[in-house]
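Asker: Let me give you the structure first, and then I'll get to my questions.
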Amino acid sequence: MDTVVQLGPLMLALDRLVALVAIWVFLATGAVIARRTGATADRAVWIAAGVGIVAARAGFVITNWPAFSVEPWTIWALWQGGFVAWPGIVAAAITLLLLLRASRAAAASIATLAALALFWAGMEQTVLRAPPTPLPKRLQLLALDGRSLDLDEMKGRAFVVNLWATWCPPCRRELPMLVEVAEQSSIPVLLANQGETPGVVRAFLGRQGLPAGAVRLDIASRIGAATGSKALPTTLFIDAEGMIRAIHSGEISRAALIAGIRDLEGRPK
């Protein structure tokens, strides 16, 4: 479950904020170790951090290669998220050993890395992995032809809801991919426009050459308000019991979307 932290006008997913803080602490500690030991620990820590980030990203890419093979350029779309922490931590530790060898600086740097790894593991099991919550009742969406869809009637079947708007740049970037995945998905992927009229949405889809099959309207933005989703775009993964299993705040990659769908497919009905 993604939790969003608001810093003024900036909204950032909590897991990404925690990761950024951990990396900053790791780098800052390297400078302290360098001053106390006289070694080039600060340089080694910077290199280790870079290697760790690349390894963490590589772990996610390898795990989700079928999705990335469709759009290889998204490997570099780091703002979409998608990292596996433990390959990155192991790669960073090996880098520190190679650069600092058996030294006080190496021991202190690896101890710092281990402490941050334990901190991340604890956060991941508690704060970052919040329990699933029920999708609020009496939520409805409209198709562009005026047909109504009551989300209460979806119980018994897993589905995905993406909250978007035509004025939102990351929404516009991810929408073609979402439409494509929705057409191929074994479970419904509903693209719920927030707060705009049918005319505005229909005109936008026409300009973009996108089909309207998966697009729905939430003219009063009730889903965003009811689920506490403050940012656009936001993607909700809802299981067959009507429980929100995961929330992805911000632009979502094909790999993350397919991984979320795969998780829902694997859950018993």
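Every chain in the structure tokens takes a letter, A first, then B, and so on in the order presented; its residues are numbered from 1, and the ligands are numbered from 1 following the presented order.
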Can you list, as a JSON list (two decimals) with C-alpha atoms, in the first residue's frame, every residue of stretch 5-247 of chain A that DSSP puts in helix (DSSP H, G or I)?

Answerer:
```json
[["chain", "number", "residue", "atom", "x", "y", "z"],
["A", 14, "LEU", "CA", 6.51, 7.20, 1.41],
["A", 15, "ASP", "CA", 8.66, 4.26, 0.27],
["A", 16, "ARG", "CA", 10.59, 6.51, -2.11],
["A", 17, "LEU", "CA", 11.02, 9.15, 0.60],
["A", 18, "VAL", "CA", 12.35, 6.54, 3.05],
["A", 19, "ALA", "CA", 14.77, 5.24, 0.38],
["A", 20, "LEU", "CA", 16.04, 8.77, -0.35],
["A", 21, "VAL", "CA", 16.58, 9.46, 3.35],
["A", 22, "ALA", "CA", 18.46, 6.16, 3.79],
["A", 23, "ILE", "CA", 20.73, 6.94, 0.83],
["A", 24, "TRP", "CA", 21.41, 10.44, 2.19],
["A", 25, "VAL", "CA", 22.30, 9.02, 5.63],
["A", 26, "PHE", "CA", 24.61, 6.48, 3.98],
["A", 27, "LEU", "CA", 26.42, 9.19, 2.00],
["A", 28, "ALA", "CA", 26.65, 11.55, 4.98],
["A", 29, "THR", "CA", 28.04, 8.78, 7.15],
["A", 30, "GLY", "CA", 30.72, 8.10, 4.52],
["A", 31, "ALA", "CA", 31.98, 11.67, 4.91],
["A", 32, "VAL", "CA", 32.15, 11.27, 8.72],
["A", 33, "ILE", "CA", 34.04, 7.97, 8.42],
["A", 34, "ALA", "CA", 36.49, 9.55, 5.98],
["A", 35, "ARG", "CA", 37.28, 12.37, 8.43],
["A", 36, "ARG", "CA", 37.81, 9.96, 11.32],
["A", 37, "THR", "CA", 39.86, 7.30, 9.53],
["A", 41, "ALA", "CA", 35.53, 6.32, 2.50],
["A", 42, "ASP", "CA", 33.40, 9.19, 1.20],
["A", 43, "ARG", "CA", 34.37, 8.41, -2.41],
["A", 44, "ALA", "CA", 33.87, 4.68, -1.86],
["A", 45, "VAL", "CA", 30.44, 5.24, -0.33],
["A", 46, "TRP", "CA", 29.33, 7.38, -3.28],
["A", 47, "ILE", "CA", 30.47, 4.69, -5.72],
["A", 48, "ALA", "CA", 28.81, 1.95, -3.63],
["A", 49, "ALA", "CA", 25.55, 3.92, -3.55],
["A", 50, "GLY", "CA", 25.60, 4.30, -7.33],
["A", 51, "VAL", "CA", 26.34, 0.60, -7.86],
["A", 52, "GLY", "CA", 23.61, -0.33, -5.38],
["A", 53, "ILE", "CA", 20.98, 1.80, -7.13],
["A", 54, "VAL", "CA", 21.88, 0.26, -10.50],
["A", 55, "ALA", "CA", 21.75, -3.26, -9.03],
["A", 56, "ALA", "CA", 18.40, -2.60, -7.32],
["A", 57, "ARG", "CA", 16.95, -1.35, -10.60],
["A", 58, "ALA", "CA", 18.48, -4.28, -12.51],
["A", 59, "GLY", "CA", 16.84, -6.71, -10.08],
["A", 60, "PHE", "CA", 13.42, -5.23, -10.83],
["A", 61, "VAL", "CA", 14.05, -5.11, -14.59],
["A", 62, "ILE", "CA", 15.18, -8.75, -14.72],
["A", 63, "THR", "CA", 12.20, -9.89, -12.65],
["A", 65, "TRP", "CA", 11.66, -8.34, -18.25],
["A", 66, "PRO", "CA", 8.60, -9.32, -20.39],
["A", 67, "ALA", "CA", 7.04, -5.94, -19.59],
["A", 68, "PHE", "CA", 10.26, -4.00, -20.15],
["A", 69, "SER", "CA", 10.95, -5.79, -23.43],
["A", 70, "VAL", "CA", 7.87, -4.09, -24.90],
["A", 72, "PRO", "CA", 12.93, -0.92, -23.28],
["A", 73, "TRP", "CA", 13.33, 2.84, -22.83],
["A", 74, "THR", "CA", 11.29, 2.61, -19.60],
["A", 75, "ILE", "CA", 14.27, 0.89, -17.97],
["A", 76, "TRP", "CA", 15.58, 4.46, -17.50],
["A", 78, "LEU", "CA", 13.39, 5.83, -12.67],
["A", 79, "TRP", "CA", 10.71, 8.33, -11.58],
["A", 80, "GLN", "CA", 8.13, 5.58, -12.10],
["A", 85, "ALA", "CA", 16.28, -3.44, -2.42],
["A", 86, "TRP", "CA", 18.29, -6.54, -1.51],
["A", 87, "PRO", "CA", 20.34, -6.91, -4.73],
["A", 88, "GLY", "CA", 21.25, -3.25, -4.33],
["A", 89, "ILE", "CA", 22.30, -3.68, -0.70],
["A", 90, "VAL", "CA", 24.44, -6.73, -1.49],
["A", 91, "ALA", "CA", 26.06, -5.01, -4.49],
["A", 92, "ALA", "CA", 26.85, -1.93, -2.37],
["A", 93, "ALA", "CA", 28.45, -4.09, 0.34],
["A", 94, "ILE", "CA", 30.63, -5.94, -2.19],
["A", 95, "THR", "CA", 31.70, -2.62, -3.70],
["A", 96, "LEU", "CA", 32.75, -1.29, -0.29],
["A", 97, "LEU", "CA", 34.83, -4.42, 0.34],
["A", 98, "LEU", "CA", 36.56, -4.14, -3.03],
["A", 99, "LEU", "CA", 37.34, -0.44, -2.63],
["A", 100, "LEU", "CA", 38.21, -0.26, 1.07],
["A", 104, "ARG", "CA", 38.34, 0.35, 9.72],
["A", 105, "ALA", "CA", 36.62, 2.44, 7.08],
["A", 106, "ALA", "CA", 35.25, -0.68, 5.38],
["A", 107, "ALA", "CA", 33.97, -2.10, 8.66],
["A", 108, "ALA", "CA", 32.29, 1.18, 9.62],
["A", 109, "SER", "CA", 30.77, 1.69, 6.16],
["A", 110, "ILE", "CA", 29.41, -1.86, 5.96],
["A", 111, "ALA", "CA", 28.05, -1.59, 9.51],
["A", 112, "THR", "CA", 26.21, 1.58, 8.47],
["A", 113, "LEU", "CA", 24.86, -0.18, 5.39],
["A", 114, "ALA", "CA", 23.71, -3.15, 7.50],
["A", 115, "ALA", "CA", 21.95, -0.86, 9.97],
["A", 116, "LEU", "CA", 20.15, 0.94, 7.15],
["A", 117, "ALA", "CA", 19.21, -2.41, 5.59],
["A", 118, "LEU", "CA", 17.65, -3.52, 8.88],
["A", 119, "PHE", "CA", 15.85, -0.18, 9.13],
["A", 120, "TRP", "CA", 14.47, -0.65, 5.60],
["A", 121, "ALA", "CA", 13.38, -4.22, 6.36],
["A", 122, "GLY", "CA", 11.53, -3.05, 9.47],
["A", 123, "MET", "CA", 9.82, -0.21, 7.61],
["A", 124, "GLU", "CA", 8.89, -2.52, 4.74],
["A", 125, "GLN", "CA", 7.19, -4.98, 7.08],
["A", 151, "LEU", "CA", -18.24, -0.97, -8.11],
["A", 152, "ASP", "CA", -20.11, -2.90, -5.40],
["A", 153, "GLU", "CA", -21.19, -5.29, -8.16],
["A", 154, "MET", "CA", -17.53, -6.03, -8.96],
["A", 169, "PRO", "CA", 1.04, 15.40, -17.58],
["A", 170, "PRO", "CA", 2.04, 12.02, -16.03],
["A", 171, "CYS", "CA", -1.53, 10.79, -16.58],
["A", 172, "ARG", "CA", -1.26, 11.66, -20.27],
["A", 173, "ARG", "CA", 2.11, 9.90, -20.52],
["A", 174, "GLU", "CA", 0.93, 6.63, -19.00],
["A", 175, "LEU", "CA", -2.55, 6.51, -20.53],
["A", 176, "PRO", "CA", -1.65, 4.86, -23.89],
["A", 177, "MET", "CA", 0.15, 2.07, -22.04],
["A", 178, "LEU", "CA", -2.77, 1.66, -19.62],
["A", 179, "VAL", "CA", -5.23, 1.41, -22.50],
["A", 180, "GLU", "CA", -3.08, -1.26, -24.15],
["A", 181, "VAL", "CA", -2.72, -3.30, -20.96],
["A", 182, "ALA", "CA", -6.46, -2.93, -20.22],
["A", 183, "GLU", "CA", -7.28, -4.45, -23.63],
["A", 184, "GLN", "CA", -5.09, -7.49, -22.91],
["A", 198, "PRO", "CA", -17.82, 13.52, -21.01],
["A", 199, "GLY", "CA", -17.20, 16.13, -23.71],
["A", 200, "VAL", "CA", -13.73, 17.01, -22.41],
["A", 201, "VAL", "CA", -12.70, 13.37, -22.05],
["A", 202, "ARG", "CA", -14.14, 12.34, -25.43],
["A", 203, "ALA", "CA", -12.33, 15.21, -27.18],
["A", 204, "PHE", "CA", -9.04, 14.33, -25.48],
["A", 205, "LEU", "CA", -9.27, 10.67, -26.47],
["A", 206, "GLY", "CA", -10.07, 11.69, -30.02],
["A", 207, "ARG", "CA", -7.00, 13.94, -30.24],
["A", 208, "GLN", "CA", -4.81, 11.18, -28.86],
["A", 222, "ARG", "CA", -15.72, 10.45, -5.43],
["A", 223, "ILE", "CA", -13.26, 7.57, -5.69],
["A", 224, "GLY", "CA", -10.24, 9.77, -5.04],
["A", 225, "ALA", "CA", -11.94, 11.39, -2.05],
["A", 226, "ALA", "CA", -13.27, 8.12, -0.64],
["A", 227, "THR", "CA", -9.92, 6.31, -0.84]]
```

Asker: Per DSSP on the backbone, what are the strand (DSSP E or B) residues of stretch 14-239 of chain A, as a PyMOL selection string?

Answerer: chain A and resi 133-134+140-142+148-150+159-164+189-194+215-218+234-238

Asker: What does the distance between atom CA of A:Asp263 and atom CA of A:Val84 come to in Å, to one decimal place?

Answerer: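 Distance reported for this atom pair: 16.2 Å.
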
Asker: How far is it from atom CA of A:Arg254 to atom CA of A:Ala220, in Å with one decimal?

Answerer: 27.9 Å

Asker: Counting only C-alpha atoms, which of A:Leu149, A:Ala13, A:Ala165, A:Ala39 gets nearest to A:Ser249?

Answerer: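 With only C-alpha atoms as the atom set, the closest residue is A:Ala13.
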
Asker: Work out how far apart atom CA of A:Ile247 and atom CA of A:Thr235 are and give it in Å to one decimal.

Answerer: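 For atom CA of A:Ile247 relative to atom CA of A:Thr235, the distance reads 5.7 Å.
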